[in-house]
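Visitor: Structure file protein_38.cif (mmCIF, C-alpha atoms) right here:
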```cif
data_query
#
loop_
_atom_site.label_atom_id
_atom_site.label_comp_id
_atom_site.auth_asym_id
_atom_site.auth_seq_id
_atom_site.Cartn_x
_atom_site.Cartn_y
_atom_site.Cartn_z
CA MET A 1 -8.10 -40.61 40.31
CA PRO A 2 -7.17 -37.21 38.85
CA ASP A 3 -6.87 -34.07 40.91
CA THR A 4 -10.26 -32.40 41.38
CA GLU A 5 -8.84 -29.16 39.87
CA LEU A 6 -8.23 -30.89 36.57
CA MET A 7 -10.76 -30.69 33.74
CA PRO A 8 -11.98 -33.66 31.74
CA ILE A 9 -11.29 -33.42 28.04
CA GLY A 10 -14.84 -32.25 27.19
CA ALA A 11 -14.70 -29.29 29.57
CA PHE A 12 -11.21 -28.40 28.41
CA ALA A 13 -12.40 -28.53 24.80
CA ARG A 14 -15.09 -25.96 25.59
CA HIS A 15 -12.59 -23.66 27.31
CA SER A 16 -9.96 -23.88 24.56
CA GLY A 17 -12.17 -23.92 21.47
CA LEU A 18 -10.60 -27.19 20.32
CA THR A 19 -12.62 -30.34 19.74
CA SER A 20 -11.96 -33.46 21.81
CA SER A 21 -10.68 -35.24 18.70
CA ALA A 22 -8.29 -32.35 18.00
CA LEU A 23 -7.01 -32.52 21.56
CA ARG A 24 -6.31 -36.23 21.18
CA PHE A 25 -4.49 -35.55 17.91
CA TYR A 26 -2.35 -32.79 19.46
CA ALA A 27 -1.56 -35.05 22.42
CA ASP A 28 -0.39 -37.79 20.05
CA SER A 29 1.61 -35.17 18.10
CA GLY A 30 3.38 -34.05 21.25
CA LEU A 31 2.06 -30.48 21.07
CA LEU A 32 -0.30 -30.62 24.06
CA HIS A 33 -0.11 -33.56 26.45
CA PRO A 34 -2.88 -34.01 29.03
CA ALA A 35 -1.90 -33.09 32.56
CA GLU A 36 -2.99 -36.56 33.64
CA VAL A 37 -4.39 -39.74 32.12
CA ASP A 38 -6.43 -42.14 34.25
CA PRO A 39 -4.49 -45.44 34.08
CA VAL A 40 -7.65 -47.52 34.30
CA SER A 41 -10.19 -45.69 32.15
CA GLY A 42 -7.77 -43.84 29.87
CA TYR A 43 -9.69 -40.59 30.46
CA ARG A 44 -7.63 -37.49 29.78
CA TYR A 45 -7.56 -34.50 32.12
CA TYR A 46 -6.15 -31.00 31.58
CA SER A 47 -5.23 -28.18 33.93
CA ALA A 48 -6.48 -24.61 33.75
CA ASP A 49 -3.01 -23.29 33.04
CA GLN A 50 -2.98 -25.28 29.77
CA VAL A 51 -5.86 -23.24 28.32
CA ALA A 52 -3.57 -20.44 27.09
CA ARG A 53 -1.31 -22.87 25.20
CA ALA A 54 -4.30 -24.68 23.72
CA THR A 55 -5.87 -21.39 22.61
CA ALA A 56 -2.62 -20.23 21.01
CA LEU A 57 -2.30 -23.61 19.27
CA ARG A 58 -5.81 -23.29 17.86
CA ARG A 59 -5.17 -19.77 16.57
CA LEU A 60 -1.90 -20.75 14.93
CA ARG A 61 -3.60 -23.64 13.17
CA GLU A 62 -6.34 -21.26 12.01
CA ILE A 63 -3.69 -19.36 10.02
CA ALA A 64 -2.59 -22.63 8.42
CA MET A 65 0.69 -22.92 10.32
CA PRO A 66 2.29 -26.41 10.02
CA LEU A 67 2.65 -28.47 13.19
CA ALA A 68 6.44 -28.19 13.32
CA GLU A 69 6.24 -24.39 13.14
CA VAL A 70 3.45 -24.32 15.74
CA ASP A 71 5.67 -26.28 18.11
CA ALA A 72 8.53 -23.81 17.58
CA VAL A 73 6.26 -20.78 18.20
CA LEU A 74 4.72 -22.24 21.35
CA ASP A 75 8.13 -22.96 22.85
CA ALA A 76 9.71 -19.64 21.81
CA GLY A 77 9.91 -16.35 23.68
CA PRO A 78 7.64 -13.46 22.61
CA GLU A 79 10.13 -11.82 20.23
CA GLU A 80 11.12 -15.05 18.50
CA ALA A 81 7.49 -16.18 18.32
CA SER A 82 6.51 -12.90 16.62
CA ARG A 83 9.30 -13.33 14.08
CA LEU A 84 8.23 -16.89 13.26
CA ILE A 85 4.60 -15.82 12.84
CA ASP A 86 5.61 -12.96 10.54
CA GLU A 87 7.69 -15.33 8.42
CA HIS A 88 4.77 -17.75 8.13
CA VAL A 89 2.30 -15.04 7.13
CA ALA A 90 4.73 -13.69 4.53
CA LYS A 91 5.05 -17.17 3.03
CA VAL A 92 1.26 -17.65 2.98
CA LEU A 93 0.80 -14.33 1.18
CA ALA A 94 3.57 -15.12 -1.31
CA ASP A 95 2.03 -18.52 -2.01
CA ALA A 96 -1.39 -16.94 -2.49
CA GLU A 97 0.04 -14.38 -4.92
CA ALA A 98 1.84 -17.12 -6.85
CA ALA A 99 -1.38 -19.13 -7.02
CA ARG A 100 -3.28 -16.09 -8.27
CA ARG A 101 -0.72 -15.51 -11.02
CA LYS A 102 -0.77 -19.16 -12.07
CA ALA A 103 -4.57 -19.16 -12.09
CA ALA A 104 -4.54 -16.16 -14.40
CA VAL A 105 -2.19 -17.99 -16.75
CA VAL A 106 -4.42 -21.08 -16.70
CA LYS A 107 -7.54 -19.04 -17.40
CA SER A 108 -5.88 -17.24 -20.27
CA SER A 109 -4.84 -20.55 -21.83
CA LEU A 110 -8.26 -22.21 -21.61
CA ALA A 111 -9.95 -22.97 -24.91
CA GLY A 112 -12.05 -20.04 -25.91
CA ALA A 113 -10.48 -17.62 -23.43
CA PRO A 114 -9.87 -14.16 -24.91
CA THR A 115 -6.30 -13.50 -25.98
CA GLY A 116 -4.49 -10.37 -24.92
CA VAL A 117 -4.65 -7.31 -27.15
CA PRO A 118 -1.21 -5.66 -27.55
CA ILE A 119 -1.29 -2.13 -26.20
CA ALA A 120 2.27 -0.77 -26.03
CA ALA A 121 5.85 -1.44 -24.95
CA LEU A 122 7.72 0.54 -22.30
CA LYS A 123 11.20 0.49 -20.81
CA GLY A 124 10.99 -1.59 -17.65
CA PRO A 125 12.81 0.77 -15.24
CA VAL A 126 10.80 3.74 -16.50
CA LEU A 127 7.50 1.90 -16.04
CA ALA A 128 8.50 0.69 -12.56
CA ASP A 129 9.37 4.25 -11.49
CA ALA A 130 6.05 5.52 -12.80
CA ILE A 131 4.10 2.81 -10.97
CA GLU A 132 5.82 3.55 -7.66
CA GLN A 133 5.39 7.29 -8.08
CA VAL A 134 1.65 7.30 -8.72
CA LEU A 135 0.94 4.60 -6.13
CA THR A 136 1.78 7.14 -3.41
CA ALA A 137 -1.56 8.78 -4.27
CA THR A 138 -3.62 5.62 -3.68
CA VAL A 139 -5.41 4.57 -0.52
CA ARG A 140 -7.12 1.41 0.76
CA GLU A 141 -10.59 2.60 1.65
CA PRO A 142 -13.32 0.06 2.45
CA GLY A 143 -16.16 0.31 -0.02
CA VAL A 144 -14.20 2.46 -2.49
CA PRO A 145 -11.68 0.09 -4.12
CA VAL A 146 -11.14 2.42 -7.08
CA LEU A 147 -9.12 4.76 -4.82
CA GLY A 148 -6.56 1.96 -4.55
CA GLY A 149 -6.34 1.65 -8.34
CA VAL A 150 -4.33 3.29 -11.10
CA ARG A 151 -5.96 4.58 -14.25
CA VAL A 152 -3.93 3.50 -17.28
CA GLU A 153 -4.67 5.34 -20.53
CA ALA A 154 -2.95 4.69 -23.85
CA ASN A 155 -3.12 6.65 -27.06
CA ARG A 156 -0.78 6.98 -30.01
CA GLU A 157 1.36 9.59 -28.29
CA ALA A 158 1.71 8.44 -24.69
CA ILE A 159 0.84 6.15 -21.80
CA THR A 160 -0.62 7.97 -18.79
CA LEU A 161 -0.85 6.58 -15.24
CA THR A 162 -3.13 8.39 -12.79
CA ALA A 163 -4.05 7.78 -9.16
CA THR A 164 -5.96 9.73 -6.52
CA ASP A 165 -6.97 9.36 -2.88
CA ARG A 166 -9.11 12.55 -2.95
CA TYR A 167 -6.38 14.58 -1.22
CA ARG A 168 -3.69 13.90 -3.81
CA LEU A 169 -3.74 13.35 -7.55
CA SER A 170 -0.64 11.97 -9.25
CA ILE A 171 -0.25 11.81 -13.03
CA ARG A 172 2.76 10.35 -14.85
CA THR A 173 3.00 10.54 -18.63
CA LEU A 174 5.36 8.14 -20.40
CA ALA A 175 6.72 8.10 -23.93
CA PRO A 176 6.40 4.49 -25.10
CA ALA A 177 9.32 2.59 -26.57
CA GLU A 178 6.83 1.30 -29.13
CA ALA A 179 3.81 3.44 -29.87
CA PRO A 180 0.41 2.11 -28.78
CA THR A 181 -1.38 0.41 -31.64
CA THR A 182 -4.78 0.44 -29.95
CA PRO A 183 -6.27 3.22 -27.78
CA TRP A 184 -7.12 1.73 -24.41
CA ALA A 185 -8.10 2.83 -20.92
CA ALA A 186 -8.86 0.93 -17.72
CA THR A 187 -8.39 1.11 -13.96
CA VAL A 188 -5.86 -1.44 -12.71
CA ALA A 189 -5.59 -2.83 -9.18
CA GLY A 190 -2.82 -0.93 -7.40
CA ASP A 191 -1.79 -3.91 -5.28
CA ASP A 192 -1.17 -5.97 -8.41
CA LEU A 193 0.95 -3.21 -9.95
CA ARG A 194 2.89 -2.84 -6.71
CA ALA A 195 3.65 -6.56 -6.67
CA ALA A 196 4.78 -6.47 -10.30
CA ALA A 197 7.02 -3.39 -10.05
CA ALA A 198 10.21 -5.18 -8.93
CA ALA A 199 10.06 -7.73 -11.77
CA VAL A 200 9.22 -5.01 -14.28
CA ARG A 201 12.20 -2.92 -13.17
CA ARG A 202 14.64 -5.69 -14.09
CA SER A 203 13.45 -5.91 -17.68
CA ALA A 204 14.77 -3.73 -20.48
CA LEU A 205 11.41 -3.81 -22.25
CA VAL A 206 7.92 -4.63 -20.98
CA ARG A 207 4.99 -5.26 -23.28
CA ILE A 208 1.49 -4.42 -22.12
CA GLU A 209 -1.45 -6.53 -23.24
CA ALA A 210 -5.09 -6.13 -22.26
CA THR A 211 -7.91 -8.62 -21.82
CA ALA A 212 -11.52 -8.14 -20.78
CA HIS A 213 -10.69 -8.49 -17.09
CA GLY A 214 -7.01 -7.77 -16.74
CA MET A 215 -3.78 -6.29 -17.99
CA TRP A 216 -0.68 -8.37 -18.68
CA LEU A 217 2.81 -7.02 -18.12
CA ARG A 218 5.17 -9.19 -20.12
CA PRO A 219 8.83 -8.46 -19.27
CA ALA A 220 11.40 -9.55 -21.84
CA GLY A 221 12.98 -12.71 -20.48
CA GLY A 222 10.99 -12.54 -17.23
CA GLU A 223 7.81 -13.90 -15.72
CA ASP A 224 4.57 -12.43 -17.01
CA ARG A 225 2.53 -10.50 -14.45
CA HIS A 226 -1.24 -10.27 -14.46
CA CYS A 227 -3.00 -7.23 -12.98
CA ARG A 228 -6.74 -7.21 -12.35
CA LEU A 229 -9.02 -4.51 -13.69
CA LEU A 230 -11.39 -2.66 -11.35
CA SER A 231 -14.95 -2.20 -12.53
CA GLU A 232 -15.75 0.95 -10.52
CA GLU A 233 -15.73 4.27 -12.34
CA PHE A 234 -12.53 6.24 -11.85
CA PRO A 235 -12.99 9.84 -10.59
CA ASP A 236 -13.37 12.41 -13.36
CA TYR A 237 -10.01 14.03 -12.77
CA ARG A 238 -9.86 15.70 -16.18
CA SER A 239 -12.90 17.85 -15.43
CA MET A 240 -11.39 18.78 -12.09
CA LEU A 241 -8.12 19.80 -13.73
CA ALA A 242 -9.95 21.84 -16.34
CA SER A 243 -11.86 23.74 -13.65
CA LEU A 244 -8.82 24.74 -11.59
CA PRO A 245 -8.22 28.49 -11.33
CA ALA A 246 -4.91 29.96 -12.39
CA ALA A 247 -2.12 29.87 -9.84
CA GLY A 248 -1.65 33.11 -7.92
CA THR A 249 1.73 32.14 -6.44
CA ARG A 250 4.53 30.07 -7.89
CA LEU A 251 7.63 28.94 -6.07
CA THR A 252 10.65 26.96 -7.19
CA ILE A 253 12.66 25.23 -4.51
CA GLY A 254 15.33 22.56 -4.07
CA LYS A 255 13.63 19.22 -3.52
CA ASN A 256 16.06 17.92 -0.88
CA ALA A 257 15.93 21.13 1.16
CA LEU A 258 12.14 21.07 1.16
CA LEU A 259 11.97 17.39 2.11
CA ARG A 260 14.44 17.96 4.94
CA ALA A 261 12.34 20.81 6.32
CA LEU A 262 9.21 18.68 6.14
CA ALA A 263 10.91 15.71 7.82
CA GLU A 264 12.23 17.87 10.67
CA HIS A 265 8.91 19.60 11.34
CA PRO A 266 7.59 18.31 14.67
CA GLY A 267 3.86 18.64 14.02
CA GLU A 268 1.35 16.70 11.96
CA ARG A 269 0.50 19.84 10.01
CA ILE A 270 2.77 22.51 8.66
CA THR A 271 1.90 26.16 8.07
CA TRP A 272 3.63 28.08 5.30
CA HIS A 273 3.80 31.84 5.02
CA VAL A 274 4.91 32.25 1.40
CA THR A 275 6.50 35.61 0.56
CA ARG A 276 8.97 36.89 -2.01
CA ARG A 277 11.78 35.73 0.32
CA GLY A 278 10.61 32.11 0.32
CA ILE A 279 8.70 30.01 2.85
CA ASP A 280 8.49 30.92 6.52
CA VAL A 281 7.36 28.14 8.84
CA PRO A 282 6.26 29.60 12.20
CA SER A 283 7.18 27.93 15.46
CA ILE A 284 4.64 25.58 17.01
CA GLY A 285 6.04 26.13 20.49
CA ASP A 286 7.93 23.80 22.83
CA GLY A 287 11.22 25.42 21.92
CA HIS A 288 10.96 24.83 18.19
CA PRO A 289 12.23 27.91 16.32
CA ASP A 290 10.79 29.50 13.21
CA VAL A 291 12.17 28.01 10.02
CA ALA A 292 12.95 29.85 6.78
CA ILE A 293 13.17 27.86 3.56
CA PRO A 294 14.72 29.83 0.66
CA ALA A 295 12.77 29.66 -2.61
CA ALA A 296 12.27 31.65 -5.79
CA VAL A 297 8.73 33.05 -5.51
CA THR A 298 6.56 35.02 -7.87
CA GLY A 299 3.02 36.24 -7.26
CA ARG A 300 1.14 37.19 -4.12
CA ASP A 301 1.95 36.35 -0.51
CA LEU A 302 -0.02 33.43 0.87
CA ARG A 303 -0.68 31.53 4.09
CA ILE A 304 -1.39 27.84 3.52
CA VAL A 305 -1.53 24.72 5.72
CA PHE A 306 -0.79 21.10 4.76
CA GLU A 307 -1.04 17.72 6.38
CA LEU A 308 2.51 16.34 6.31
CA THR A 309 1.21 12.92 5.24
CA THR A 310 -0.26 14.59 2.15
CA LEU A 311 2.56 16.95 1.23
CA TYR A 312 5.67 14.86 1.92
CA PRO A 313 5.00 11.99 -0.54
CA ALA A 314 3.79 14.47 -3.15
CA VAL A 315 7.15 16.26 -3.02
CA GLY A 316 9.17 13.08 -2.53
CA THR A 317 8.09 11.53 -5.83
CA ALA A 318 9.04 14.58 -7.90
CA ILE A 319 11.72 14.01 -10.53
CA GLY A 320 14.96 16.01 -10.49
CA PRO A 321 16.69 18.31 -7.98
CA ASP A 322 14.14 21.16 -8.05
CA VAL A 323 10.38 21.24 -7.72
CA MET A 324 7.87 23.85 -8.80
CA LEU A 325 4.71 24.51 -6.81
CA ASP A 326 1.74 26.42 -8.17
CA LEU A 327 -0.38 27.71 -5.28
CA ARG A 328 -3.95 28.82 -5.90
CA GLY A 329 -5.14 29.64 -2.42
CA PRO A 330 -5.51 28.15 1.06
CA ASP A 331 -8.37 25.84 0.00
CA GLN A 332 -7.36 25.00 -3.58
CA PRO A 333 -5.18 22.13 -4.88
CA VAL A 334 -1.46 22.81 -5.17
CA THR A 335 0.27 21.54 -8.29
CA ILE A 336 3.69 20.02 -7.69
CA ARG A 337 5.97 19.07 -10.55
CA SER A 338 9.61 18.91 -11.47
CA ALA A 339 11.04 22.27 -12.40
CA ASP A 340 12.64 20.89 -15.56
CA ARG A 341 10.37 17.94 -16.43
CA GLY A 342 6.63 17.94 -16.82
CA ASP A 343 5.91 14.23 -17.18
CA LEU A 344 5.05 13.80 -13.49
CA THR A 345 2.44 16.08 -11.97
CA THR A 346 1.00 15.78 -8.48
CA LEU A 347 -1.83 17.76 -6.94
CA ALA A 348 -2.07 18.00 -3.15
CA MET A 349 -4.95 19.46 -1.16
CA PRO A 350 -4.10 21.85 1.67
CA VAL A 351 -6.05 21.89 4.90
CA GLY A 352 -8.90 24.30 4.20
CA PRO A 353 -9.50 27.36 6.41
CA ASP A 354 -12.40 25.65 8.22
CA ARG A 355 -10.11 22.77 9.22
CA HIS A 356 -7.17 24.76 10.58
CA GLY A 357 -5.86 23.42 13.82
CA SER A 358 -2.51 23.65 15.47
CA ALA A 359 0.17 23.42 12.81
#
```
Starting from the file, give its structure as structure tokens.

Guide:
Amino acid sequence: MPDTELMPIGAFARHSGLTSSALRFYADSGLLHPAEVDPVSGYRYYSADQVARATALRRLREIAMPLAEVDAVLDAGPEEASRLIDEHVAKVLADAEAARRKAAVVKSSLAGAPTGVPIAALKGPVLADAIEQVLTATVREPGVPVLGGVRVEANREAITLTATDRYRLSIRTLAPAEAPTTPWAATVAGDDLRAAAAAVRRSALVRIEATAHGMWLRPAGGEDRHCRLLSEEFPDYRSMLASLPAAGTRLTIGKNALLRALAEHPGERITWHVTRRGIDVPSIGDGHPDVAIPAAVTGRDLRIVFELTTLYPAVGTAIGPDVMLDLRGPDQPVTIRSADRGDLTTLAMPVGPDRHGSA
């Protein structure tokens, strides 16, 4: 007879969350042998210290991990197990993305499905850069999917990509290789654009086509990429831009020097005292000295505070060695753009006076 501390298969099933039939299957597969089998009745018994392995097995199967990989994870140390799980999840996500792309192709080829309307053609590396630049101003926010999207607008002169997370607004204007033949505007899923950027970058020319529910990126000689459209209304950024007051302070500064100062700042917020000499960053204590960042400044002196997570990516995506910042006040958006190129513009919100904390 089995040890009284052993559990019959039914009790063990309740403790582990696995069914009795699943336990028999995993025993036959060699993944989880019973602690003891009654030689007369054939009843299977499990020990309490097998519950953890059984629970882990169940969870791994819930993420669709194959049996051979489950066996490897269960027998591996923590670090190796984590690596194997990460590899499996990456493969599942890649397979899901491939299935989504193939499904889009199938749907577009079905009888009666709407064909794509040609919009424009762009140089692949230029389009990829623009996608990556504006995506820094997106955010995944539950219930507001449009903040994770990119507004794509085409007219006869240009293609404009715009994104905003409420604290940043990034606008990139592109001169098309072939002028748009049809005016078009829609909000495109940012995740789809992010996934397509690498393939787009490798193509000399990418044609854009639009359907009722998506946008096709068709790289020359590469695999077509489908990006979903978002139905939610994109924020009215044009009205916001039109209502901005004139800048009272303008500074021009080397991009790398500014990024270095931001990266080395120890706090989550950074305070700037902007004067004719440049930017003074006061110490936040703990032995950190004041920092002076040289800049060419015109206009009035100003004290302004930024979240580093807002300001750093806004500066980092600027094009060229120098950036120009137009400051309107401590609670007004700051416009950041390249000093010599105006086709990428980013607005970043400072921390308003009522939100000042330690900087």

Visitor: As a check of understanding, name the residues that the PyMOL selection byres ((chain A and resi 214) around 10) selects in the supplied structure, as a PyMOL selection string.

Guide: chain A and resi 104+116+186-189+209-213+215-217+226-230

Visitor: Using only C-alpha atoms, which of A:Asp38, A:Glu307, A:Leu93, A:Arg44 sits nearest Ser21 in chain A?

Guide: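 Of A:Asp38, A:Glu307, A:Leu93, A:Arg44, the one nearest Ser21 in chain A, counting only C-alpha atoms, is A:Arg44.
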
Visitor: Please evaluate the PyMOL selection byres ((chain A and resi 147) around 10) against the displayed coordinates and give the resulting residues as a list in words.

Guide: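 Taken on the displayed file, the PyMOL selection byres ((chain A and resi 147) around 10) yields the residues Ala137, Thr138, Val139, Arg140, Glu141, Pro142, Gly143, Val144, Pro145, Val146, Gly148, Gly149, Val150, Arg151, Ala163, Thr164, Asp165, Arg166, Thr187, Ala189, Gly190, Glu232, Phe234 and Pro235 of chain A.
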
Visitor: I need the residue nearest His15 in chain A from this list: A:Val334, A:Ala54, A:Val40, A:Ala175. Use all atoms listed in the file for the distance.

Guide: A:Ala54

Visitor: Quick one: which residues end up in the PyMOL selection byres ((chain A and resi 320) around 10) for this structure, as an mmCIF file with C-alpha atoms, keeping the file's coordinate frame?

Guide:
```cif
data_model
loop_
_atom_site.group_PDB
_atom_site.id
_atom_site.type_symbol
_atom_site.label_atom_id
_atom_site.label_comp_id
_atom_site.auth_asym_id
_atom_site.auth_seq_id
_atom_site.Cartn_x
_atom_site.Cartn_y
_atom_site.Cartn_z
ATOM 1 C CA GLY A 254 15.330 22.560 -4.070
ATOM 2 C CA LYS A 255 13.630 19.220 -3.520
ATOM 3 C CA ASN A 256 16.060 17.920 -0.880
ATOM 4 C CA THR A 317 8.090 11.530 -5.830
ATOM 5 C CA ALA A 318 9.040 14.580 -7.900
ATOM 6 C CA ILE A 319 11.720 14.010 -10.530
ATOM 7 C CA PRO A 321 16.690 18.310 -7.980
ATOM 8 C CA ASP A 322 14.140 21.160 -8.050
ATOM 9 C CA VAL A 323 10.380 21.240 -7.720
ATOM 10 C CA ARG A 337 5.970 19.070 -10.550
ATOM 11 C CA SER A 338 9.610 18.910 -11.470
ATOM 12 C CA ALA A 339 11.040 22.270 -12.400
ATOM 13 C CA ASP A 340 12.640 20.890 -15.560
ATOM 14 C CA ARG A 341 10.370 17.940 -16.430
#
```

Visitor: Could you state the separation of CA of Ile336 in chain A and CA of Val134 in chain A in Å, given to one decimal place?

Guide: 12.9 Å

Visitor: Which residue is closest to Pro313 in chain A? Choose from A:Ser203, A:Thr136, A:Arg269, A:Thr252 and count only C-alpha atoms.

Guide: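 Using only C-alpha atoms, Pro313 in chain A sits closest to A:Thr136.
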
Visitor: Using all atoms listed in the file - which residues lie no farther than 9 Å from the point (1.0, 10.7, -20.8) in the file's frame? Write them as a list in words.

Guide: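 Collected hits near the coordinates: Glu153, Ala154, Asn155, Glu157, Ala158, Ile159, Thr160, Leu161, Ile171, Arg172, Thr173, Leu174, Ala175, Asp343 and Leu344 of chain A.
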
Visitor: Would you pick out the contacts of Thr182 in chain A at 8 Å or less, using all atoms listed in the file, so that residues sharing its chain but fewer than 2 positions from it are not included, and give the list as a list in words?

Guide: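 In the requested form, the answer reads Pro118, Ile119, Ala154, Asn155, Arg156, Pro180 and Trp184 of chain A.
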
Visitor: Could you write those residues out with C-alpha atoms, as a short mmCIF file (atom, residue, chain, number, x, y, z; two decimals), in the coordinates of the input?

Guide:
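The resulting file, out35.cif, is reproduced below:
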```cif
data_model
loop_
_atom_site.label_atom_id
_atom_site.label_comp_id
_atom_site.auth_asym_id
_atom_site.auth_seq_id
_atom_site.Cartn_x
_atom_site.Cartn_y
_atom_site.Cartn_z
CA PRO A 118 -1.21 -5.66 -27.55
CA ILE A 119 -1.29 -2.13 -26.20
CA ALA A 154 -2.95 4.69 -23.85
CA ASN A 155 -3.12 6.65 -27.06
CA ARG A 156 -0.78 6.98 -30.01
CA PRO A 180 0.41 2.11 -28.78
CA TRP A 184 -7.12 1.73 -24.41
#
```

Visitor: As an exercise, work out the distance from CA of Ala314 in chain A to CA of Pro183 in chain A in Å and give it to one decimal place.

Guide: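 Taking CA of Ala314 in chain A and CA of Pro183 in chain A, their separation equals 28.9 Å.
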